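Q: File entry_24.cif follows (mmCIF, C-alpha atoms):
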data_my_file
loop_
_atom_site.label_atom_id
_atom_site.label_comp_id
_atom_site.auth_asym_id
_atom_site.auth_seq_id
_atom_site.Cartn_x
_atom_site.Cartn_y
_atom_site.Cartn_z
CA MET A 805 122.02 123.67 123.64
CA ALA A 806 118.50 124.47 122.59
CA ILE A 807 115.94 122.14 121.12
CA GLU A 808 112.48 123.49 120.43
CA VAL A 809 109.62 121.26 121.52
CA ARG A 810 106.19 122.18 120.13
CA VAL A 811 103.41 121.20 122.44
CA PRO A 812 99.79 120.48 121.44
CA THR A 813 96.84 122.36 122.96
CA ILE A 814 96.00 119.52 125.31
CA LEU A 815 99.44 119.64 126.99
CA ARG A 816 99.70 123.42 127.34
CA THR A 817 98.20 123.23 130.82
CA TYR A 818 101.60 121.86 131.86
CA THR A 819 103.60 124.57 130.09
CA GLY A 820 101.72 127.56 131.43
CA GLY A 821 99.93 127.96 128.11
CA GLU A 822 103.12 128.05 126.04
CA LYS A 823 102.94 126.46 122.56
CA ALA A 824 106.64 125.66 122.57
CA VAL A 825 109.34 125.11 125.16
CA THR A 826 113.11 124.84 124.88
CA ALA A 827 114.94 121.87 126.33
CA GLN A 828 118.09 119.82 125.99
CA GLY A 829 119.24 116.26 125.77
CA GLY A 830 121.10 113.81 123.57
CA THR A 831 118.17 111.45 123.08
CA LEU A 832 114.42 111.96 122.97
CA ALA A 833 114.17 110.22 126.37
CA GLN A 834 116.57 112.73 127.93
CA LEU A 835 114.80 115.60 126.22
CA ILE A 836 111.41 114.54 127.62
CA ASP A 837 112.92 114.24 131.10
CA ASP A 838 114.27 117.76 130.71
CA VAL A 839 110.90 119.13 129.54
CA ASP A 840 109.26 117.36 132.49
CA ALA A 841 111.74 118.87 134.94
CA SER A 842 110.54 122.38 134.03
CA ASN A 843 106.94 121.39 133.22
CA PRO A 844 106.01 118.60 135.63
CA GLY A 845 103.41 116.14 134.41
CA VAL A 846 104.26 116.24 130.71
CA LYS A 847 106.27 113.02 130.74
CA GLU A 848 103.41 111.03 132.25
CA ARG A 849 101.21 112.10 129.31
CA LEU A 850 103.79 111.09 126.72
CA VAL A 851 105.45 107.95 127.99
CA ASP A 852 104.40 104.63 129.54
CA GLU A 853 106.26 101.40 130.38
CA SER A 854 106.63 100.48 126.72
CA GLY A 855 107.88 103.84 125.44
CA ILE A 856 105.95 106.66 123.81
CA ARG A 857 102.23 106.18 124.36
CA ARG A 858 100.32 104.58 121.51
CA PHE A 859 98.18 107.56 120.54
CA ILE A 860 100.85 110.22 120.88
CA ASN A 861 102.92 111.08 117.81
CA VAL A 862 106.37 112.59 118.23
CA TYR A 863 108.41 113.92 115.33
CA VAL A 864 112.04 115.01 115.27
CA ASN A 865 112.68 117.28 112.29
CA ASP A 866 109.47 116.06 110.68
CA GLU A 867 110.29 112.36 111.08
CA ASP A 868 107.95 110.18 113.12
CA VAL A 869 110.18 108.73 115.84
CA ARG A 870 108.45 105.35 115.49
CA PHE A 871 110.76 104.92 112.52
CA THR A 872 113.89 106.37 114.09
CA GLY A 873 114.17 104.41 117.33
CA GLY A 874 111.43 105.88 119.52
CA LEU A 875 112.80 107.24 122.80
CA ASP A 876 116.35 106.36 121.71
CA THR A 877 116.13 108.78 118.79
CA ALA A 878 119.11 111.13 118.86
CA VAL A 879 118.38 114.82 119.14
CA ALA A 880 120.80 117.71 118.72
CA ASP A 881 121.02 121.47 119.10
CA GLY A 882 118.77 123.23 116.60
CA ASP A 883 116.39 120.27 116.15
CA THR A 884 112.66 120.75 116.26
CA VAL A 885 110.49 118.25 118.06
CA VAL A 886 106.71 118.25 117.51
CA ILE A 887 104.21 116.42 119.69
CA LEU A 888 100.75 115.72 118.26
CA PRO A 889 98.09 113.52 119.82
CA ALA A 890 96.67 111.06 117.31
CA VAL A 891 93.37 111.94 115.72
CA ALA A 892 91.60 108.61 116.03
CA GLY A 893 88.50 106.89 117.22
CA GLY A 894 86.13 104.05 116.61
CA MET B 570 76.22 124.97 118.35
CA LEU B 571 77.90 124.06 115.10
CA ILE B 572 77.32 126.44 112.22
CA ILE B 573 78.34 124.87 108.93
CA GLN B 574 77.90 125.59 105.24
CA ALA B 575 75.65 123.17 103.36
CA ALA B 576 78.33 122.58 100.75
CA ILE B 577 80.81 121.46 103.40
CA ARG B 578 78.23 119.30 105.15
CA ASP B 579 77.53 117.66 101.77
CA GLU B 580 81.23 116.98 101.21
CA ILE B 581 81.49 115.24 104.59
CA VAL B 582 78.49 113.06 103.76
CA ALA B 583 79.87 112.27 100.28
CA HIS B 584 83.21 111.28 101.79
CA ALA B 585 81.51 108.96 104.28
CA ARG B 586 79.53 107.32 101.47
CA ARG B 587 82.63 106.91 99.29
CA ASP B 588 84.68 105.23 102.01
CA HIS B 589 81.90 102.96 103.28
CA PRO B 590 82.30 100.24 104.56
CA ASP B 591 85.43 101.76 106.09
CA GLU B 592 85.15 104.70 108.46
CA ALA B 593 85.84 108.01 106.73
CA CYS B 594 87.61 110.79 108.63
CA GLY B 595 88.90 114.30 108.22
CA VAL B 596 88.79 117.87 109.45
CA VAL B 597 87.29 121.14 108.40
CA ALA B 598 89.83 123.84 109.21
CA GLY B 599 88.93 127.44 109.88
CA ALA B 600 90.60 130.67 110.95
CA ALA B 601 91.86 130.37 114.53
CA GLY B 602 89.26 131.76 116.92
CA SER B 603 86.56 132.14 114.25
CA ASP B 604 84.58 128.96 114.95
CA ARG B 605 83.78 128.86 111.22
CA PRO B 606 84.69 125.64 109.39
CA THR B 607 85.77 126.77 105.93
CA ARG B 608 88.40 124.42 104.52
CA PHE B 609 87.36 120.80 104.01
CA VAL B 610 90.28 118.39 104.44
CA PRO B 611 89.37 114.72 103.98
CA MET B 612 92.04 112.51 105.50
CA ARG B 613 93.19 109.00 104.80
CA ASN B 614 92.05 106.48 107.42
CA ALA B 615 95.34 104.68 108.04
CA ALA B 616 93.43 101.94 109.87
CA GLN B 617 91.21 101.25 106.81
CA SER B 618 88.68 99.70 109.14
CA PRO B 619 84.90 99.63 109.41
CA THR B 620 85.18 100.18 113.14
CA PHE B 621 88.27 102.35 113.70
CA TYR B 622 89.90 105.42 112.21
CA GLU B 623 93.27 107.05 112.66
CA PHE B 624 94.92 109.80 110.65
CA ASP B 625 98.23 108.59 109.21
CA SER B 626 100.96 110.13 111.40
CA VAL B 627 102.80 111.82 108.55
CA ASP B 628 99.57 113.21 107.07
CA LEU B 629 98.72 114.47 110.55
CA LEU B 630 101.97 116.43 110.86
CA ARG B 631 101.53 117.95 107.42
CA LEU B 632 97.95 118.95 108.27
CA TYR B 633 98.94 120.68 111.52
CA GLN B 634 101.90 122.41 109.90
CA GLU B 635 99.63 123.66 107.13
CA MET B 636 97.02 124.90 109.61
CA ASP B 637 99.77 126.58 111.61
CA GLU B 638 101.08 128.38 108.51
CA ARG B 639 97.55 129.52 107.64
CA ASP B 640 96.69 130.48 111.24
CA GLU B 641 93.91 127.91 111.30
CA GLU B 642 92.67 125.34 113.73
CA PRO B 643 90.64 122.15 113.31
CA VAL B 644 87.14 123.59 113.84
CA VAL B 645 85.48 120.31 112.90
CA ILE B 646 86.91 116.81 113.28
CA TYR B 647 84.60 114.35 111.55
CA HIS B 648 84.33 110.62 111.06
CA SER B 649 81.71 108.12 110.08
CA HIS B 650 80.22 105.09 111.77
CA THR B 651 79.38 102.41 109.25
CA ALA B 652 77.22 100.05 111.30
CA THR B 653 76.13 102.09 114.29
CA GLY B 654 74.53 105.45 114.90
CA ALA B 655 76.11 108.89 114.73
CA TYR B 656 76.98 108.99 118.42
CA PRO B 657 80.51 109.03 119.89
CA SER B 658 81.69 105.60 121.01
CA ARG B 659 83.71 105.01 124.20
CA THR B 660 86.78 104.90 121.97
CA ASP B 661 85.86 108.22 120.36
CA ILE B 662 85.48 109.82 123.77
CA GLY B 663 88.71 108.32 125.13
CA LEU B 664 90.78 109.48 122.16
CA ALA B 665 89.36 112.98 121.68
CA GLN B 666 92.28 115.35 122.23
CA GLU B 667 91.07 118.63 120.74
CA PRO B 668 88.82 120.24 123.35
CA GLY B 669 88.05 123.18 121.06
CA ALA B 670 86.80 121.11 118.14
CA HIS B 671 83.29 120.21 117.09
CA TYR B 672 83.28 116.44 116.75
CA VAL B 673 80.98 115.58 113.87
CA LEU B 674 79.69 112.08 113.42
CA VAL B 675 77.84 110.74 110.43
CA SER B 676 76.35 107.29 110.04
CA THR B 677 76.27 105.25 106.84
CA ALA B 678 74.60 102.33 108.58
CA ASP B 679 71.36 100.72 107.48
CA GLY B 680 71.78 101.40 103.78
CA ALA B 681 72.45 105.12 104.19
CA HIS B 682 75.68 104.71 102.27
CA GLU B 683 73.59 104.17 99.14
CA SER B 684 70.48 106.22 99.57
CA GLY B 685 68.31 108.02 102.02
CA PRO B 686 69.34 110.53 104.67
CA VAL B 687 72.69 110.25 106.43
CA GLU B 688 72.56 111.01 110.14
CA PHE B 689 74.78 114.08 110.78
CA ARG B 690 75.33 115.13 114.39
CA SER B 691 77.83 117.23 116.28
CA TYR B 692 79.31 117.03 119.77
CA ARG B 693 81.74 118.71 122.10
CA ILE B 694 84.02 116.26 123.89
CA VAL B 695 85.88 117.87 126.78
CA ASP B 696 87.58 115.97 129.63
CA GLY B 697 85.70 112.80 128.77
CA GLU B 698 82.31 114.54 128.77
CA VAL B 699 80.16 114.44 125.64
CA THR B 700 77.62 117.16 124.94
CA GLU B 701 75.54 117.06 121.79
CA GLU B 702 75.01 120.41 120.13
CA ASP B 703 72.62 121.77 117.53
CA VAL B 704 73.79 121.91 113.93
CA THR B 705 72.78 124.96 111.94
CA VAL B 706 73.31 124.57 108.21
CA VAL B 707 73.69 127.79 106.22
CA SER B 708 74.32 128.47 102.56
CA SER B 709 76.96 131.04 103.46
CA TYR B 710 78.47 132.33 106.71
CA SER B 711 77.41 135.87 105.84
CA GLU B 712 73.90 134.71 106.82
CA VAL B 713 75.04 134.55 110.43
CA ASP B 714 78.05 136.86 110.46
CA ASP B 715 76.70 140.35 110.07
CA VAL B 716 79.12 143.19 109.24
CA ALA B 717 77.57 145.25 112.03
CA SER B 718 78.14 142.71 114.77
CA PRO B 719 81.56 142.00 116.29
CA LYS B 720 83.34 138.77 115.35
CA ARG B 721 83.42 136.26 118.20
#
Show this structure as C-alpha coordinates.

A:
Amino acid sequence: MAIEVRVPTILRTYTGGEKAVTAQGGTLAQLIDDVDASNPGVKERLVDESGIRRFINVYVNDEDVRFTGGLDTAVADGDTVVILPAVAGG
Amino acid sequence: MLIIQAAIRDEIVAHARRDHPDEACGVVAGAAGSDRPTRFVPMRNAAQSPTFYEFDSVDLLRLYQEMDERDEEPVVIYHSHTATGAYPSRTDIGLAQEPGAHYVLVSTADGAHESGPVEFRSYRIVDGEVTEEDVTVVSSYSEVDDVASPKR
(Lines of atoms letter the chains of each structure in order from A and count residues from 1; the text may use other names and numbers.)
(Lines give C-alpha, C1' and ligand atoms only; values in the text may rest on other atoms or scores of the structure.)
Protein backbone atom coordinates (compact mmCIF):
# COMPACT_ATOMS: atom_id res chain seq x y z
CA MET A 1 0.00 0.00 0.00
CA ALA A 2 1.35 3.42 -0.81
CA ILE A 3 -0.08 6.76 0.17
CA GLU A 4 1.84 9.87 -0.79
CA VAL A 5 2.18 12.47 1.94
CA ARG A 6 3.36 15.91 0.80
CA VAL A 7 5.25 17.73 3.47
CA PRO A 8 5.64 21.52 3.79
CA THR A 9 9.05 23.22 3.92
CA ILE A 10 8.90 23.64 7.67
CA LEU A 11 8.59 19.87 8.28
CA ARG A 12 11.26 18.74 5.82
CA THR A 13 13.86 18.79 8.58
CA TYR A 14 12.17 15.62 9.80
CA THR A 15 12.11 13.94 6.39
CA GLY A 16 15.73 14.52 5.46
CA GLY A 17 14.72 17.32 3.12
CA GLU A 18 12.20 15.22 1.18
CA LYS A 19 9.08 17.05 -0.09
CA ALA A 20 7.03 13.87 -0.02
CA VAL A 21 7.12 10.56 1.79
CA THR A 22 5.21 7.32 1.26
CA ALA A 23 3.33 5.72 4.12
CA GLN A 24 0.44 3.42 4.89
CA GLY A 25 -2.59 3.19 7.10
CA GLY A 26 -6.35 2.85 7.04
CA THR A 27 -7.05 6.15 8.77
CA LEU A 28 -5.23 9.47 8.85
CA ALA A 29 -4.24 8.74 12.48
CA GLN A 30 -2.57 5.47 11.46
CA LEU A 31 -0.94 7.15 8.49
CA ILE A 32 0.58 9.88 10.68
CA ASP A 33 1.88 7.24 13.09
CA ASP A 34 3.48 5.46 10.15
CA VAL A 35 5.08 8.67 8.84
CA ASP A 36 6.35 9.38 12.36
CA ALA A 37 7.85 5.90 12.65
CA SER A 38 10.17 6.62 9.71
CA ASN A 39 10.48 10.37 10.34
CA PRO A 40 10.43 10.85 14.12
CA GLY A 41 9.10 14.15 15.36
CA VAL A 42 6.56 14.79 12.60
CA LYS A 43 3.57 13.61 14.62
CA GLU A 44 4.31 16.02 17.47
CA ARG A 45 4.15 18.91 14.98
CA LEU A 46 0.83 17.78 13.54
CA VAL A 47 -1.21 16.44 16.41
CA ASP A 48 -2.09 17.46 19.97
CA GLU A 49 -4.54 16.11 22.58
CA SER A 50 -7.54 17.37 20.63
CA GLY A 51 -6.54 16.06 17.20
CA ILE A 52 -4.84 17.86 14.34
CA ARG A 53 -3.29 21.09 15.57
CA ARG A 54 -5.33 24.23 14.99
CA PHE A 55 -3.02 25.93 12.51
CA ILE A 56 -2.11 22.85 10.50
CA ASN A 57 -4.24 22.00 7.47
CA VAL A 58 -4.37 18.42 6.22
CA TYR A 59 -6.08 17.43 2.98
CA VAL A 60 -6.87 13.96 1.67
CA ASN A 61 -7.40 14.06 -2.09
CA ASP A 62 -7.89 17.82 -1.90
CA GLU A 63 -10.50 17.68 0.88
CA ASP A 64 -9.77 19.44 4.15
CA VAL A 65 -10.02 16.68 6.76
CA ARG A 66 -11.81 19.06 9.14
CA PHE A 67 -14.86 18.20 7.06
CA THR A 68 -14.21 14.49 6.70
CA GLY A 69 -13.68 13.38 10.30
CA GLY A 70 -10.23 14.72 11.16
CA LEU A 71 -7.87 11.95 12.29
CA ASP A 72 -10.59 9.35 11.67
CA THR A 73 -10.63 10.18 7.95
CA ALA A 74 -10.23 6.99 5.94
CA VAL A 75 -7.25 6.79 3.62
CA ALA A 76 -6.53 4.19 0.96
CA ASP A 77 -3.84 3.09 -1.47
CA GLY A 78 -3.24 5.72 -4.13
CA ASP A 79 -4.55 8.64 -2.02
CA THR A 80 -2.62 11.86 -1.77
CA VAL A 81 -2.33 13.63 1.54
CA VAL A 82 -1.11 17.24 1.68
CA ILE A 83 0.00 19.03 4.83
CA LEU A 84 0.08 22.84 4.81
CA PRO A 85 0.63 25.08 7.81
CA ALA A 86 -1.98 27.82 8.00
CA VAL A 87 -1.00 31.23 6.73
CA ALA A 88 -2.34 33.37 9.54
CA GLY A 89 -1.51 36.06 12.00
CA GLY A 90 -2.84 39.00 13.91
CA MET B 1 16.50 43.03 1.72
CA LEU B 2 13.22 42.95 -0.13
CA ILE B 3 13.32 44.10 -3.73
CA ILE B 4 9.83 44.77 -5.05
CA GLN B 5 8.26 46.43 -8.06
CA ALA B 6 6.40 49.67 -7.34
CA ALA B 7 3.31 48.38 -9.12
CA ILE B 8 3.14 45.35 -6.82
CA ARG B 9 3.79 47.44 -3.73
CA ASP B 10 0.91 49.69 -4.82
CA GLU B 11 -1.41 46.71 -5.24
CA ILE B 12 -0.64 45.54 -1.70
CA VAL B 13 -1.40 49.00 -0.32
CA ALA B 14 -4.61 49.25 -2.37
CA HIS B 15 -5.74 45.86 -1.08
CA ALA B 16 -5.11 46.91 2.52
CA ARG B 17 -7.11 50.10 2.00
CA ARG B 18 -9.99 48.22 0.34
CA ASP B 19 -10.32 45.67 3.13
CA HIS B 20 -9.95 48.15 6.00
CA PRO B 21 -11.17 47.84 8.76
CA ASP B 22 -10.50 44.13 8.32
CA GLU B 23 -6.95 42.88 7.93
CA ALA B 24 -6.04 42.25 4.29
CA CYS B 25 -3.72 39.37 3.40
CA GLY B 26 -2.12 37.66 0.47
CA VAL B 27 1.10 36.56 -1.18
CA VAL B 28 3.29 37.65 -4.01
CA ALA B 29 4.58 34.51 -5.71
CA GLY B 30 7.80 34.34 -7.66
CA ALA B 31 9.95 31.77 -9.42
CA ALA B 32 11.42 29.32 -6.90
CA GLY B 33 14.88 30.47 -5.86
CA SER B 34 14.62 33.85 -7.62
CA ASP B 35 13.70 36.00 -4.61
CA ARG B 36 11.70 38.18 -7.03
CA PRO B 37 8.03 38.71 -6.15
CA THR B 38 6.24 38.83 -9.49
CA ARG B 39 2.70 37.49 -9.18
CA PHE B 40 0.37 39.35 -6.84
CA VAL B 41 -2.21 37.03 -5.24
CA PRO B 42 -4.61 38.78 -2.84
CA MET B 43 -6.28 36.23 -0.60
CA ARG B 44 -9.56 36.17 1.24
CA ASN B 45 -9.21 36.70 5.00
CA ALA B 46 -11.41 33.87 6.25
CA ALA B 47 -11.37 35.44 9.72
CA GLN B 48 -12.79 38.75 8.38
CA SER B 49 -11.38 40.45 11.44
CA PRO B 50 -9.71 43.77 12.20
CA THR B 51 -7.18 41.97 14.37
CA PHE B 52 -6.64 38.53 12.79
CA TYR B 53 -6.13 37.01 9.37
CA GLU B 54 -6.14 33.48 8.06
CA PHE B 55 -6.18 32.20 4.50
CA ASP B 56 -9.23 30.02 3.91
CA SER B 57 -7.98 26.42 3.96
CA VAL B 58 -9.32 25.50 0.53
CA ASP B 59 -7.94 28.70 -1.03
CA LEU B 60 -4.63 27.88 0.62
CA LEU B 61 -4.44 24.43 -1.00
CA ARG B 62 -5.32 25.85 -4.41
CA LEU B 63 -2.65 28.55 -4.03
CA TYR B 64 0.09 26.05 -3.13
CA GLN B 65 -0.94 23.65 -5.88
CA GLU B 66 -0.84 26.52 -8.37
CA MET B 67 2.58 27.66 -7.17
CA ASP B 68 3.81 24.08 -7.34
CA GLU B 69 2.61 23.72 -10.95
CA ARG B 70 4.31 27.01 -11.87
CA ASP B 71 7.49 26.21 -9.93
CA GLU B 72 6.93 29.21 -7.69
CA GLU B 73 7.17 29.91 -4.02
CA PRO B 74 5.59 32.55 -1.78
CA VAL B 75 8.33 35.21 -1.95
CA VAL B 76 6.22 37.73 -0.05
CA ILE B 77 3.48 37.00 2.48
CA TYR B 78 1.71 40.24 3.34
CA HIS B 79 -1.01 41.42 5.67
CA SER B 80 -2.23 44.67 7.11
CA HIS B 81 -2.64 45.98 10.63
CA THR B 82 -5.65 48.24 10.89
CA ALA B 83 -5.11 49.87 14.27
CA THR B 84 -1.47 49.29 15.06
CA GLY B 85 1.85 49.83 13.33
CA ALA B 86 3.43 47.77 10.57
CA TYR B 87 5.39 45.55 12.94
CA PRO B 88 4.85 41.80 13.45
CA SER B 89 2.72 41.00 16.49
CA ARG B 90 3.43 38.08 18.84
CA THR B 91 0.74 36.18 16.95
CA ASP B 92 2.39 36.96 13.61
CA ILE B 93 5.70 35.67 14.90
CA GLY B 94 4.19 32.55 16.46
CA LEU B 95 2.32 31.58 13.30
CA ALA B 96 4.98 32.34 10.68
CA GLN B 97 5.73 29.02 8.99
CA GLU B 98 7.55 30.01 5.81
CA PRO B 99 11.14 30.72 6.79
CA GLY B 100 12.06 31.70 3.24
CA ALA B 101 9.40 34.36 2.84
CA HIS B 102 9.60 38.11 3.22
CA TYR B 103 6.83 39.01 5.66
CA VAL B 104 5.44 42.37 4.58
CA LEU B 105 3.33 44.41 6.91
CA VAL B 106 1.36 47.49 6.04
CA SER B 107 -0.61 49.68 8.41
CA THR B 108 -3.91 51.39 7.64
CA ALA B 109 -4.15 52.82 11.14
CA ASP B 110 -4.58 56.49 11.96
CA GLY B 111 -6.54 57.39 8.85
CA ALA B 112 -4.04 55.88 6.41
CA HIS B 113 -6.82 53.79 4.92
CA GLU B 114 -8.22 56.98 3.42
CA SER B 115 -5.29 59.20 2.70
CA GLY B 116 -1.69 59.86 3.43
CA PRO B 117 1.21 57.41 3.35
CA VAL B 118 0.71 53.77 4.32
CA GLU B 119 3.53 52.31 6.38
CA PHE B 120 5.10 49.44 4.34
CA ARG B 121 7.78 47.35 6.03
CA SER B 122 9.32 43.94 5.52
CA TYR B 123 10.71 41.31 7.89
CA ARG B 124 12.26 37.89 7.98
CA ILE B 125 10.75 35.64 10.64
CA VAL B 126 12.84 32.53 11.26
CA ASP B 127 12.58 30.29 14.34
CA GLY B 128 10.68 32.95 16.24
CA GLU B 129 13.25 35.66 15.48
CA VAL B 130 12.17 38.82 13.67
CA THR B 131 14.63 40.82 11.62
CA GLU B 132 13.50 43.93 9.79
CA GLU B 133 14.99 44.37 6.34
CA ASP B 134 15.30 47.24 3.90
CA VAL B 135 12.73 47.54 1.14
CA THR B 136 14.01 48.60 -2.26
CA VAL B 137 11.26 49.64 -4.65
CA VAL B 138 12.08 49.41 -8.36
CA SER B 139 10.05 50.10 -11.46
CA SER B 140 11.26 46.86 -13.01
CA TYR B 141 13.49 44.00 -11.87
CA SER B 142 15.80 44.57 -14.83
CA GLU B 143 17.06 47.59 -12.85
CA VAL B 144 18.67 45.21 -10.39
CA ASP B 145 19.02 42.02 -12.41
CA ASP B 146 21.71 42.68 -14.96
CA VAL B 147 22.14 40.24 -17.88
CA ALA B 148 25.87 40.15 -17.18
CA SER B 149 25.58 39.10 -13.56
CA PRO B 150 24.62 35.58 -12.47
CA LYS B 151 21.12 34.99 -11.09
CA ARG B 152 21.11 34.32 -7.35

Q: Please determine, counting only C-alpha atoms, which residue among A:Arg858, A:Glu853, A:Gly830, A:Thr877 has the shortest atom-to-atom distance to chain B.

A: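 Closest candidate: A:Arg858.
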
Q: Output as a PyMOL selection string the set of chain A residues within 6 Å of chain B, with distances taken over all atoms listed in the file.

A: chain A and resi 891-894

Q: Taking the file as shown, what set of residues would the PyMOL selection byres ((chain B and resi 674-676) around 7) give back, as a list in words?

A: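 Taken over the shown coordinates, the PyMOL selection byres ((chain B and resi 674-676) around 7) returns Tyr647, His648, Ser649, His650, Thr651, Thr653, Gly654, Ala655, Tyr656, Tyr672, Val673, Thr677, Ala678, Val687, Glu688, Phe689, Arg690 and Ser691 of chain B.
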
Q: For Val851 of chain A, work out the shell of residues within 12 Å, counting all atoms listed in the file and skipping chain neighbours fewer than 2 positions away, then give it as a list of chain:residue names.

A: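 Residues meeting the cut-off are A:Leu832, A:Ala833, A:Ile836, A:Asp837, A:Asp840, A:Gly845, A:Val846, A:Lys847, A:Glu848, A:Arg849, A:Glu853, A:Ser854, A:Gly855, A:Ile856, A:Arg857, A:Arg858, A:Phe859, A:Ile860, A:Asn861, A:Val862, A:Gly874, A:Leu875, A:Ile887.
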
Q: By how many Å are atom CA of Glu702 of chain B and atom CA of Gly821 of chain A apart?

A: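 Pair atom CA of Glu702 of chain B / atom CA of Gly821 of chain A returns 27.2 Å.
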
Q: List as a PDB file with C-alpha atoms, in the coordinates of the input the residues having at least one atom at most 12 Å from position (81.1, 112.0, 98.7) as given in the file, counting only C-alpha atoms.

A:
ATOM      1  CA  ALA B 576      78.330 122.580 100.750  1.00  0.00           C
ATOM      2  CA  ILE B 577      80.810 121.460 103.400  1.00  0.00           C
ATOM      3  CA  ARG B 578      78.230 119.300 105.150  1.00  0.00           C
ATOM      4  CA  ASP B 579      77.530 117.660 101.770  1.00  0.00           C
ATOM      5  CA  GLU B 580      81.230 116.980 101.210  1.00  0.00           C
ATOM      6  CA  ILE B 581      81.490 115.240 104.590  1.00  0.00           C
ATOM      7  CA  VAL B 582      78.490 113.060 103.760  1.00  0.00           C
ATOM      8  CA  ALA B 583      79.870 112.270 100.280  1.00  0.00           C
ATOM      9  CA  HIS B 584      83.210 111.280 101.790  1.00  0.00           C
ATOM     10  CA  ALA B 585      81.510 108.960 104.280  1.00  0.00           C
ATOM     11  CA  ARG B 586      79.530 107.320 101.470  1.00  0.00           C
ATOM     12  CA  ARG B 587      82.630 106.910  99.290  1.00  0.00           C
ATOM     13  CA  ASP B 588      84.680 105.230 102.010  1.00  0.00           C
ATOM     14  CA  HIS B 589      81.900 102.960 103.280  1.00  0.00           C
ATOM     15  CA  ALA B 593      85.840 108.010 106.730  1.00  0.00           C
ATOM     16  CA  CYS B 594      87.610 110.790 108.630  1.00  0.00           C
ATOM     17  CA  PRO B 611      89.370 114.720 103.980  1.00  0.00           C
ATOM     18  CA  THR B 677      76.270 105.250 106.840  1.00  0.00           C
ATOM     19  CA  HIS B 682      75.680 104.710 102.270  1.00  0.00           C
ATOM     20  CA  GLU B 683      73.590 104.170  99.140  1.00  0.00           C
ATOM     21  CA  VAL B 687      72.690 110.250 106.430  1.00  0.00           C
TER      22      VAL B 687
END

Q: Nearest to Asp866 of chain A among B:Ser603, B:Ser708, B:Asp628, B:Val610, with distances taken over all atoms listed in the file: which residue is it?

A: B:Asp628

Q: What gap, in Å, lies between atom CA of Asp679 of chain B and atom CA of Val699 of chain B?

A: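 These two atoms are separated by 24.4 Å.
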
Q: Written as a PyMOL selection string, what is the full residue list that the PyMOL selection byres ((chain B and resi 707) around 10) yields on the file shown?

A: chain B and resi 572-578+704-706+708-713

Q: Neighbours of Asp637 of chain B within 12 Å (all atoms listed in the file; same-chain residues fewer than 5 positions away dropped), as a list in words?

A: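 In the requested format, the answer is Arg810, Pro812 and Lys823 of chain A; Ala598, Gly599, Ala600, Ala601, Leu630, Arg631, Leu632, Glu642 and Pro643 of chain B.
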
Q: Between A:Val885, A:Val839, A:Ala878, A:Val811, single out the one closest to Tyr863 of chain A, counting all atoms listed in the file.

A: A:Val885

Q: Which residue gives the smallest distance to Ala841 of chain A among A:Thr884, A:Arg870, A:Arg816, A:Thr826, with all atoms listed in the file counted?

A: A:Thr826

Q: Quick check, in Å to one decimal: how far apart do atom CA of Asp714 of chain B and atom CA of Arg608 of chain B lie?

A: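 We find that atom CA of Asp714 of chain B and atom CA of Arg608 of chain B lie 17.2 Å from each other.
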
Q: What would segment 871-884 of chain A look like with N, CA and C atoms restored, written as a tab-separated table (two decimals), in the frame of the given file?

A:
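Written out: part-v2.tsv:
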chain	number	residue	atom	x	y	z
A	871	PHE	N	109.88	105.47	113.55
A	871	PHE	CA	110.76	104.92	112.52
A	871	PHE	C	112.22	105.24	112.77
A	872	THR	N	112.50	105.97	113.86
A	872	THR	CA	113.89	106.37	114.09
A	872	THR	C	114.41	105.89	115.44
A	873	GLY	N	113.69	104.98	116.07
A	873	GLY	CA	114.17	104.41	117.33
A	873	GLY	C	113.42	104.88	118.56
A	874	GLY	N	112.25	105.50	118.37
A	874	GLY	CA	111.43	105.88	119.52
A	874	GLY	C	112.18	106.78	120.50
A	875	LEU	N	112.17	106.42	121.76
A	875	LEU	CA	112.80	107.24	122.80
A	875	LEU	C	114.32	107.30	122.66
A	876	ASP	N	114.90	106.35	121.91
A	876	ASP	CA	116.35	106.36	121.71
A	876	ASP	C	116.78	107.29	120.58
A	877	THR	N	115.80	107.89	119.90
A	877	THR	CA	116.13	108.78	118.79
A	877	THR	C	117.08	109.87	119.26
A	878	ALA	N	118.14	110.08	118.50
A	878	ALA	CA	119.11	111.13	118.86
A	878	ALA	C	118.53	112.49	118.53
A	879	VAL	N	118.78	113.43	119.42
A	879	VAL	CA	118.38	114.82	119.14
A	879	VAL	C	119.61	115.70	119.34
A	880	ALA	N	119.63	116.83	118.65
A	880	ALA	CA	120.80	117.71	118.72
A	880	ALA	C	120.36	119.17	118.69
A	881	ASP	N	121.24	120.03	119.09
A	881	ASP	CA	121.02	121.47	119.10
A	881	ASP	C	120.42	121.93	117.76
A	882	GLY	N	119.37	122.73	117.83
A	882	GLY	CA	118.77	123.23	116.60
A	882	GLY	C	117.64	122.36	116.05
A	883	ASP	N	117.48	121.16	116.61
A	883	ASP	CA	116.39	120.27	116.15
A	883	ASP	C	115.05	120.82	116.59
A	884	THR	N	114.02	120.41	115.87
A	884	THR	CA	112.66	120.75	116.26
A	884	THR	C	111.90	119.47	116.54
